[in-house]
$ cat input_24.pdb   # PDB, C-alpha atoms and all ligand atoms
ATOM      1  CA  MET A  12      30.579  49.288 -27.176
ATOM      2  CA  ASN A  13      27.755  50.295 -29.520
ATOM      3  CA  LYS A  14      25.835  53.496 -30.132
ATOM      4  CA  THR A  15      22.197  53.311 -29.070
ATOM      5  CA  THR A  16      20.138  56.519 -28.996
ATOM      6  CA  GLN A  17      21.503  59.824 -30.276
ATOM      7  CA  LEU A  18      21.610  62.122 -27.273
ATOM      8  CA  TYR A  19      22.589  65.334 -28.987
ATOM      9  CA  GLU A  20      23.857  66.765 -32.248
ATOM     10  CA  GLY A  21      26.130  69.775 -32.011
ATOM     11  CA  LYS A  22      28.000  71.825 -34.572
ATOM     12  CA  ALA A  23      31.002  69.535 -34.840
ATOM     13  CA  LYS A  24      29.961  66.346 -33.052
ATOM     14  CA  LYS A  25      27.146  63.938 -32.356
ATOM     15  CA  VAL A  26      26.869  62.259 -28.967
ATOM     16  CA  PHE A  27      25.301  58.821 -28.579
ATOM     17  CA  LEU A  28      24.238  56.815 -25.552
ATOM     18  CA  THR A  29      25.619  53.294 -25.251
ATOM     19  CA  GLU A  30      24.463  50.130 -23.454
ATOM     20  CA  ASN A  31      26.409  51.436 -20.446
ATOM     21  CA  PRO A  32      24.706  54.483 -18.874
ATOM     22  CA  ASP A  33      28.097  55.776 -17.664
ATOM     23  CA  LEU A  34      29.546  55.910 -21.180
ATOM     24  CA  VAL A  35      28.761  57.856 -24.356
ATOM     25  CA  ILE A  36      30.285  57.940 -27.841
ATOM     26  CA  GLN A  37      31.341  61.250 -29.402
ATOM     27  CA  GLU A  38      31.291  61.117 -33.201
ATOM     28  CA  PHE A  39      33.381  63.824 -34.862
ATOM     29  CA  LYS A  40      31.855  65.384 -38.001
ATOM     30  CA  ASP A  41      33.405  67.348 -40.854
ATOM     31  CA  ASP A  42      30.899  70.205 -40.410
ATOM     32  CA  ALA A  43      32.394  73.522 -39.444
ATOM     33  CA  THR A  44      30.695  76.642 -38.151
ATOM     34  CA  ALA A  45      31.999  80.020 -37.076
ATOM     35  CA  PHE A  46      30.652  83.281 -35.692
ATOM     36  CA  ASN A  47      27.957  81.454 -33.744
ATOM     37  CA  ASN A  48      26.626  79.523 -36.748
ATOM     38  CA  LYS A  49      26.520  82.502 -39.124
ATOM     39  CA  LYS A  50      29.209  80.868 -41.283
ATOM     40  CA  LYS A  51      28.784  77.210 -42.187
ATOM     41  CA  GLY A  52      30.827  74.771 -44.218
ATOM     42  CA  THR A  53      32.696  71.497 -44.161
ATOM     43  CA  ILE A  54      36.362  70.725 -43.779
ATOM     44  CA  ALA A  55      37.231  67.407 -45.449
ATOM     45  CA  GLU A  56      38.371  64.736 -42.953
ATOM     46  CA  LYS A  57      38.186  67.226 -40.054
ATOM     47  CA  GLY A  58      36.303  64.730 -37.894
ATOM     48  CA  ILE A  59      39.036  62.136 -38.312
ATOM     49  CA  VAL A  60      41.809  64.648 -37.626
ATOM     50  CA  ASN A  61      40.124  66.220 -34.591
ATOM     51  CA  ASN A  62      39.331  62.839 -33.046
ATOM     52  CA  ALA A  63      42.952  61.735 -33.460
ATOM     53  CA  ILE A  64      44.337  64.993 -32.027
ATOM     54  CA  SER A  65      41.877  65.088 -29.121
ATOM     55  CA  CYS A  66      42.513  61.463 -28.140
ATOM     56  CA  LYS A  67      46.262  62.055 -28.175
ATOM     57  CA  LEU A  68      45.989  65.254 -26.091
ATOM     58  CA  PHE A  69      43.562  63.771 -23.566
ATOM     59  CA  THR A  70      45.901  60.775 -23.162
ATOM     60  CA  LEU A  71      48.797  63.174 -22.603
ATOM     61  CA  LEU A  72      46.803  65.108 -19.983
ATOM     62  CA  GLU A  73      45.797  61.866 -18.216
ATOM     63  CA  SER A  74      49.480  60.900 -18.102
ATOM     64  CA  GLN A  75      50.098  64.221 -16.290
ATOM     65  CA  GLY A  76      47.381  63.504 -13.708
ATOM     66  CA  ILE A  77      44.606  65.581 -15.301
ATOM     67  CA  ARG A  78      41.361  63.591 -15.474
ATOM     68  CA  THR A  79      39.413  63.698 -18.737
ATOM     69  CA  HIS A  80      36.319  62.018 -20.132
ATOM     70  CA  LEU A  81      38.348  59.907 -22.590
ATOM     71  CA  VAL A  82      37.987  56.146 -22.206
ATOM     72  CA  GLU A  83      39.391  55.083 -25.583
ATOM     73  CA  LYS A  84      39.502  55.902 -29.273
ATOM     74  CA  LEU A  85      37.022  53.486 -30.843
ATOM     75  CA  SER A  86      37.475  54.252 -34.528
ATOM     76  CA  GLU A  87      38.492  57.029 -36.906
ATOM     77  CA  ARG A  88      35.608  59.269 -35.898
ATOM     78  CA  ASP A  89      34.406  57.797 -32.608
ATOM     79  CA  MET A  90      35.658  58.474 -29.092
ATOM     80  CA  LEU A  91      34.342  56.474 -26.122
ATOM     81  CA  CYS A  92      33.842  58.862 -23.212
ATOM     82  CA  ARG A  93      32.580  58.970 -19.663
ATOM     83  CA  HIS A  94      29.075  60.421 -19.599
ATOM     84  CA  LEU A  95      29.361  63.941 -18.166
ATOM     85  CA  ASP A  96      26.845  66.352 -16.789
ATOM     86  CA  ILE A  97      28.315  69.251 -18.789
ATOM     87  CA  ILE A  98      28.959  72.466 -16.851
ATOM     88  CA  LYS A  99      27.576  75.336 -18.927
ATOM     89  CA  VAL A 100      30.803  77.321 -18.771
ATOM     90  CA  GLU A 101      33.368  77.655 -21.556
ATOM     91  CA  VAL A 102      36.812  78.280 -20.109
ATOM     92  CA  VAL A 103      39.154  80.125 -22.477
ATOM     93  CA  VAL A 104      42.888  80.315 -21.753
ATOM     94  CA  ARG A 105      45.041  82.832 -23.619
ATOM     95  CA  ASN A 106      48.813  83.045 -23.934
ATOM     96  CA  ILE A 107      48.957  85.461 -26.873
ATOM     97  CA  ALA A 108      46.399  88.113 -27.835
ATOM     98  CA  ALA A 109      44.104  87.138 -30.708
ATOM     99  CA  GLY A 110      40.423  86.948 -31.632
ATOM    100  CA  SER A 111      37.950  88.492 -29.224
ATOM    101  CA  LEU A 112      40.711  89.659 -26.847
ATOM    102  CA  VAL A 113      41.960  91.952 -29.602
ATOM    103  CA  LYS A 114      38.458  93.136 -30.502
ATOM    104  CA  ARG A 115      37.243  93.638 -26.950
ATOM    105  CA  TYR A 116      40.276  95.129 -25.222
ATOM    106  CA  GLY A 117      42.451  96.504 -28.025
ATOM    107  CA  PHE A 118      45.543  94.384 -27.430
ATOM    108  CA  PRO A 119      47.587  94.325 -30.636
ATOM    109  CA  GLU A 120      47.263  90.840 -32.160
ATOM    110  CA  GLY A 121      50.291  88.756 -31.221
ATOM    111  CA  THR A 122      50.985  90.470 -27.880
ATOM    112  CA  VAL A 123      52.573  87.851 -25.629
ATOM    113  CA  LEU A 124      50.720  87.963 -22.311
ATOM    114  CA  GLU A 125      52.976  88.003 -19.280
ATOM    115  CA  LYS A 126      50.574  85.687 -17.436
ATOM    116  CA  PRO A 127      47.929  83.566 -19.157
ATOM    117  CA  ILE A 128      44.442  85.113 -19.098
ATOM    118  CA  VAL A 129      41.600  82.787 -18.110
ATOM    119  CA  GLU A 130      38.093  83.825 -19.145
ATOM    120  CA  LEU A 131      34.673  82.348 -18.479
ATOM    121  CA  TYR A 132      31.868  82.361 -21.037
ATOM    122  CA  LEU A 133      28.301  81.196 -20.544
ATOM    123  CA  LYS A 134      27.689  78.186 -22.794
ATOM    124  CA  ASP A 135      24.464  79.372 -24.395
ATOM    125  CA  ASP A 136      24.208  79.759 -28.169
ATOM    126  CA  ASP A 137      20.930  81.726 -27.936
ATOM    127  CA  LEU A 138      22.778  84.380 -25.941
ATOM    128  CA  ASP A 139      25.939  84.187 -28.131
ATOM    129  CA  ASP A 140      28.052  82.696 -25.309
ATOM    130  CA  PRO A 141      28.508  85.944 -23.326
ATOM    131  CA  LEU A 142      31.671  86.641 -21.348
ATOM    132  CA  MET A 143      30.934  86.381 -17.620
ATOM    133  CA  ASN A 144      32.611  86.395 -14.239
ATOM    134  CA  GLU A 145      32.239  84.069 -11.265
ATOM    135  CA  SER A 146      29.331  86.075  -9.799
ATOM    136  CA  HIS A 147      27.330  85.694 -13.003
ATOM    137  CA  ALA A 148      28.017  81.958 -13.116
ATOM    138  CA  VAL A 149      26.961  81.464  -9.503
ATOM    139  CA  ALA A 150      23.873  83.693  -9.877
ATOM    140  CA  LEU A 151      22.857  81.743 -12.979
ATOM    141  CA  GLY A 152      23.308  78.489 -11.056
ATOM    142  CA  VAL A 153      25.625  76.992 -13.681
ATOM    143  CA  ALA A 154      28.433  76.237 -11.210
ATOM    144  CA  SER A 155      29.421  76.803  -7.595
ATOM    145  CA  LEU A 156      32.333  79.017  -6.556
ATOM    146  CA  ASP A 157      34.282  75.907  -5.537
ATOM    147  CA  GLU A 158      33.677  74.331  -8.942
ATOM    148  CA  LEU A 159      34.761  77.521 -10.714
ATOM    149  CA  SER A 160      37.965  77.543  -8.734
ATOM    150  CA  VAL A 161      38.607  73.917  -9.796
ATOM    151  CA  LEU A 162      37.914  74.857 -13.433
ATOM    152  CA  LYS A 163      40.326  77.782 -13.319
ATOM    153  CA  ASN A 164      43.130  75.802 -11.665
ATOM    154  CA  ARG A 165      42.579  72.865 -14.000
ATOM    155  CA  ALA A 166      42.643  75.160 -17.038
ATOM    156  CA  GLU A 167      45.981  76.644 -15.930
ATOM    157  CA  ALA A 168      47.457  73.188 -15.348
ATOM    158  CA  ILE A 169      46.244  72.046 -18.781
ATOM    159  CA  ASN A 170      47.757  75.147 -20.353
ATOM    160  CA  ALA A 171      51.160  74.416 -18.819
ATOM    161  CA  VAL A 172      51.152  70.856 -20.208
ATOM    162  CA  LEU A 173      49.864  71.798 -23.656
ATOM    163  CA  LYS A 174      52.061  74.867 -24.128
ATOM    164  CA  LYS A 175      55.185  72.796 -23.590
ATOM    165  CA  PHE A 176      53.878  69.934 -25.776
ATOM    166  CA  PHE A 177      53.114  72.264 -28.688
ATOM    167  CA  ALA A 178      56.327  74.254 -28.351
ATOM    168  CA  GLU A 179      58.215  70.954 -28.789
ATOM    169  CA  ARG A 180      56.283  70.562 -32.039
ATOM    170  CA  LYS A 181      57.085  74.075 -33.250
ATOM    171  CA  LEU A 182      53.597  75.438 -32.606
ATOM    172  CA  LYS A 183      52.607  78.388 -30.447
ATOM    173  CA  LEU A 184      49.494  77.669 -28.393
ATOM    174  CA  VAL A 185      47.855  81.090 -28.721
ATOM    175  CA  ASP A 186      44.542  80.362 -26.965
ATOM    176  CA  PHE A 187      42.026  77.574 -26.499
ATOM    177  CA  LYS A 188      38.614  76.719 -25.085
ATOM    178  CA  LEU A 189      37.836  73.972 -22.583
ATOM    179  CA  GLU A 190      34.634  72.423 -21.319
ATOM    180  CA  PHE A 191      34.263  70.412 -18.146
ATOM    181  CA  GLY A 192      31.585  68.159 -16.690
ATOM    182  CA  ARG A 193      30.604  66.354 -13.533
ATOM    183  CA  HIS A 194      30.927  62.570 -13.336
ATOM    184  CA  LYS A 195      30.413  60.556 -10.147
ATOM    185  CA  GLY A 196      31.388  63.423  -7.861
ATOM    186  CA  GLU A 197      34.433  64.432  -9.899
ATOM    187  CA  ILE A 198      35.042  67.207 -12.415
ATOM    188  CA  LEU A 199      36.510  65.888 -15.673
ATOM    189  CA  LEU A 200      37.711  67.661 -18.804
ATOM    190  CA  GLY A 201      35.241  67.000 -21.637
ATOM    191  CA  ASP A 202      34.527  67.955 -25.251
ATOM    192  CA  GLU A 203      37.610  68.119 -27.517
ATOM    193  CA  ILE A 204      40.940  69.895 -27.937
ATOM    194  CA  SER A 205      41.642  70.439 -31.617
ATOM    195  CA  PRO A 206      42.300  73.124 -34.248
ATOM    196  CA  ASP A 207      38.552  73.868 -33.961
ATOM    197  CA  THR A 208      38.943  74.929 -30.337
ATOM    198  CA  CYS A 209      42.527  76.223 -30.204
ATOM    199  CA  ARG A 210      44.592  78.787 -32.053
ATOM    200  CA  PHE A 211      47.962  77.472 -33.207
ATOM    201  CA  TRP A 212      50.609  79.601 -34.919
ATOM    202  CA  ASP A 213      53.723  78.167 -36.482
ATOM    203  CA  LEU A 214      56.646  78.923 -34.145
ATOM    204  CA  GLU A 215      58.836  80.266 -36.923
ATOM    205  CA  THR A 216      56.475  81.868 -39.441
ATOM    206  CA  ASN A 217      53.452  82.692 -37.219
ATOM    207  CA  GLU A 218      51.273  81.131 -39.920
ATOM    208  CA  LYS A 219      47.782  80.414 -38.584
ATOM    209  CA  MET A 220      47.153  76.643 -38.407
ATOM    210  CA  ASP A 221      43.638  76.439 -36.985
ATOM    211  CA  LYS A 222      39.996  77.325 -37.568
ATOM    212  CA  ASP A 223      40.884  80.972 -38.257
ATOM    213  CA  ARG A 224      41.779  79.743 -41.782
ATOM    214  CA  PHE A 225      38.115  78.744 -42.172
ATOM    215  CA  ARG A 226      36.703  81.752 -40.270
ATOM    216  CA  PHE A 227      38.537  84.265 -42.453
ATOM    217  CA  ASP A 228      38.733  82.315 -45.748
ATOM    218  CA  LEU A 229      42.520  82.121 -45.641
ATOM    219  CA  GLY A 230      42.597  78.912 -47.716
ATOM    220  CA  GLY A 231      44.584  75.761 -46.978
ATOM    221  CA  VAL A 232      42.267  74.744 -44.132
ATOM    222  CA  GLU A 233      42.589  70.977 -44.612
ATOM    223  CA  ASP A 234      46.367  71.214 -44.995
ATOM    224  CA  ALA A 235      46.698  73.207 -41.780
ATOM    225  CA  TYR A 236      44.597  70.704 -39.806
ATOM    226  CA  SER A 237      46.546  67.747 -41.146
ATOM    227  CA  GLU A 238      49.878  69.476 -40.457
ATOM    228  CA  VAL A 239      48.801  69.973 -36.823
ATOM    229  CA  GLN A 240      47.805  66.306 -36.671
ATOM    230  CA  LYS A 241      51.172  65.284 -38.090
ATOM    231  CA  ARG A 242      53.084  67.362 -35.540
ATOM    232  CA  VAL A 243      50.915  66.159 -32.649
ATOM    233  CA  LEU A 244      51.385  62.504 -33.530
ATOM    234  CA  GLU A 245      54.906  62.518 -35.003
ATOM    235  CA  LEU A 246      57.028  62.280 -31.840
ATOM    236  CA  ASP A 247      55.182  59.161 -30.573
TER
HETATM  237  N1  LIG A 301      36.518  79.040 -28.972
HETATM  238  C1  LIG A 301      35.824  77.871 -29.192
HETATM  239  N2  LIG A 301      34.448  77.911 -29.158
HETATM  240  C2  LIG A 301      33.755  79.048 -28.927
HETATM  241  C3  LIG A 301      34.473  80.245 -28.723
HETATM  242  C4  LIG A 301      35.851  80.208 -28.754
HETATM  243  O1  LIG A 301      36.401  76.812 -29.376
HETATM  244  O2  LIG A 301      32.505  79.004 -28.898
HETATM  245  C5  LIG A 301      37.991  79.014 -29.005
HETATM  246  C6  LIG A 301      38.562  79.682 -30.242
HETATM  247  O3  LIG A 301      38.785  78.741 -31.269
HETATM  248  C7  LIG A 301      39.845  80.266 -29.736
HETATM  249  C8  LIG A 301      39.573  80.574 -28.270
HETATM  250  O4  LIG A 301      38.471  79.772 -27.901
HETATM  251  O5  LIG A 301      40.891  79.301 -29.799
HETATM  252  C9  LIG A 301      39.280  82.027 -27.994
HETATM  253  O6  LIG A 301      38.265  82.461 -28.854
HETATM  254  P1  LIG A 301      37.831  83.998 -28.897
HETATM  255  O7  LIG A 301      37.224  84.384 -27.597
HETATM  256  O8  LIG A 301      38.995  84.792 -29.366
HETATM  257  O9  LIG A 301      36.644  84.073 -29.902
HETATM  258  P2  LIG A 301      36.597  84.003 -31.492
HETATM  259  O10 LIG A 301      37.594  84.968 -32.014
HETATM  260  O11 LIG A 301      36.907  82.570 -31.813
HETATM  261  O12 LIG A 301      35.176  84.380 -31.782
END
$ encode --input "input_24.pdb" --output "structure tokens" --more "lines below"
Ligand code: UDP
Amino acid sequence: MNKTTQLYEGKAKKVFLTENPDLVIQEFKDDATAFNNKKKGTIAEKGIVNNAISCKLFTLLESQGIRTHLVEKLSERDMLCRHLDIIKVEVVVRNIAAGSLVKRYGFPEGTVLEKPIVELYLKDDDLDDPLMNESHAVALGVASLDELSVLKNRAEAINAVLKKFFAERKLKLVDFKLEFGRHKGEILLGDEISPDTCRFWDLETNEKMDKDRFRFDLGGVEDAYSEVQKRVLELD
């Protein structure tokens, strides 16, 4: 399968059309951004690491009956995917308070949430991805109530699988962001799951092992990403 026209270039990935209209190729870049593009940089080999981690996690989810856009890993940086009509909703799942949950609601960082919190954000960079509820999403026409209910249930199911998987690898899954899309009448998980889109803390030391190292200039960004990759792939 070959790349034809570039469909889109995002912050961390490029998406290409292929000869097959049902399939696209996601190319993972080393570029990193934070705070809605206000901070920019690169993380060496990030594209390779995030592609490897995402392919492994999507394969795991498929094995647990959760449909994703992954078809196959084509190369170090390229993932062959089903072509989705992306739903403009970012679904964030939280197990432990961090990031905007701390800022917005005053939870002390590290508070273990009794039940996971699922949040919806409008996927719109110009508006800074605002937090929204179901009524906003329906009023904006980005998804139907039925679709939102699928997204929420799917996100909870994904959380259950991933939390267990990461705990076995001595990582706390603090929170993460998911994107979904429509494909031939089905809703599939899209985008990526990686240290760019999740918070991981070491189970024993609580050391941050994700994009927060880049966001807050904590150093050791590449090492943290490759350690996550190692733990994700090591028990194969
Ligand atoms: N997240 C993401 N993309 C976004 C916003 C958030 O991947 O545009 C991820 C982020 O890495 C974290 C989780 O979603 O794992 C929750 O992020 P939060 O709302 O705390 O916002 P942040 O502190 O990242 O601005």
$ residues_near_ligand --input "input_24.pdb" --ligand "ligand LIG 301 (chain A)" --cutoff "6 Å" --atoms "only C-alpha atoms and all ligand atoms" --output "VMD selection string"
chain A and resid 103 109 to 112 186 to 188 207 to 210
$ residues_around --input "input_24.pdb" --residues "segment 230-234 of chain A" --least-positions-apart "6" --cutoff "8 Å" --atoms "all atoms listed in the file" --output "list in words"
Ile54, Ala55, Glu56, Lys57, Met220, Asp221, Lys222 and Arg224 of chain A
$ atom_distance --input "input_24.pdb" --atom1 "atom CA of Glu218 of chain A" --atom2 "atom CA of Leu72 of chain A"
26.0 Å
$ resolve_selection --input "input_24.pdb" --expression "the PyMOL selection byres (((chain A and resi 80-85) around 8) and not hetatm)" --output "VMD selection string"
chain A and resid 62 to 63 66 69 to 70 78 to 79 86 to 95 199 to 201
$ write_last_selection --input "input_24.pdb" --atoms "C-alpha atoms" --output "PDB file, in the coordinates of the input"
ATOM      1  CA  ASN A  62      39.331  62.839 -33.046  1.00  0.00           C
ATOM      2  CA  ALA A  63      42.952  61.735 -33.460  1.00  0.00           C
ATOM      3  CA  CYS A  66      42.513  61.463 -28.140  1.00  0.00           C
ATOM      4  CA  PHE A  69      43.562  63.771 -23.566  1.00  0.00           C
ATOM      5  CA  THR A  70      45.901  60.775 -23.162  1.00  0.00           C
ATOM      6  CA  ARG A  78      41.361  63.591 -15.474  1.00  0.00           C
ATOM      7  CA  THR A  79      39.413  63.698 -18.737  1.00  0.00           C
ATOM      8  CA  SER A  86      37.475  54.252 -34.528  1.00  0.00           C
ATOM      9  CA  GLU A  87      38.492  57.029 -36.906  1.00  0.00           C
ATOM     10  CA  ARG A  88      35.608  59.269 -35.898  1.00  0.00           C
ATOM     11  CA  ASP A  89      34.406  57.797 -32.608  1.00  0.00           C
ATOM     12  CA  MET A  90      35.658  58.474 -29.092  1.00  0.00           C
ATOM     13  CA  LEU A  91      34.342  56.474 -26.122  1.00  0.00           C
ATOM     14  CA  CYS A  92      33.842  58.862 -23.212  1.00  0.00           C
ATOM     15  CA  ARG A  93      32.580  58.970 -19.663  1.00  0.00           C
ATOM     16  CA  HIS A  94      29.075  60.421 -19.599  1.00  0.00           C
ATOM     17  CA  LEU A  95      29.361  63.941 -18.166  1.00  0.00           C
ATOM     18  CA  LEU A 199      36.510  65.888 -15.673  1.00  0.00           C
ATOM     19  CA  LEU A 200      37.711  67.661 -18.804  1.00  0.00           C
ATOM     20  CA  GLY A 201      35.241  67.000 -21.637  1.00  0.00           C
TER      21      GLY A 201
END
$ residues_around --input "input_24.pdb" --residues "Thr15 of chain A" --least-positions-apart "4" --cutoff "12 Å" --atoms "only C-alpha atoms" --output "PDB file with C-alpha atoms, in the frame of the given file"
ATOM      1  CA  VAL A  26      26.869  62.259 -28.967  1.00  0.00           C
ATOM      2  CA  PHE A  27      25.301  58.821 -28.579  1.00  0.00           C
ATOM      3  CA  LEU A  28      24.238  56.815 -25.552  1.00  0.00           C
ATOM      4  CA  THR A  29      25.619  53.294 -25.251  1.00  0.00           C
ATOM      5  CA  GLU A  30      24.463  50.130 -23.454  1.00  0.00           C
ATOM      6  CA  ASN A  31      26.409  51.436 -20.446  1.00  0.00           C
ATOM      7  CA  PRO A  32      24.706  54.483 -18.874  1.00  0.00           C
ATOM      8  CA  LEU A  34      29.546  55.910 -21.180  1.00  0.00           C
ATOM      9  CA  VAL A  35      28.761  57.856 -24.356  1.00  0.00           C
ATOM     10  CA  ILE A  36      30.285  57.940 -27.841  1.00  0.00           C
TER      11      ILE A  36
END
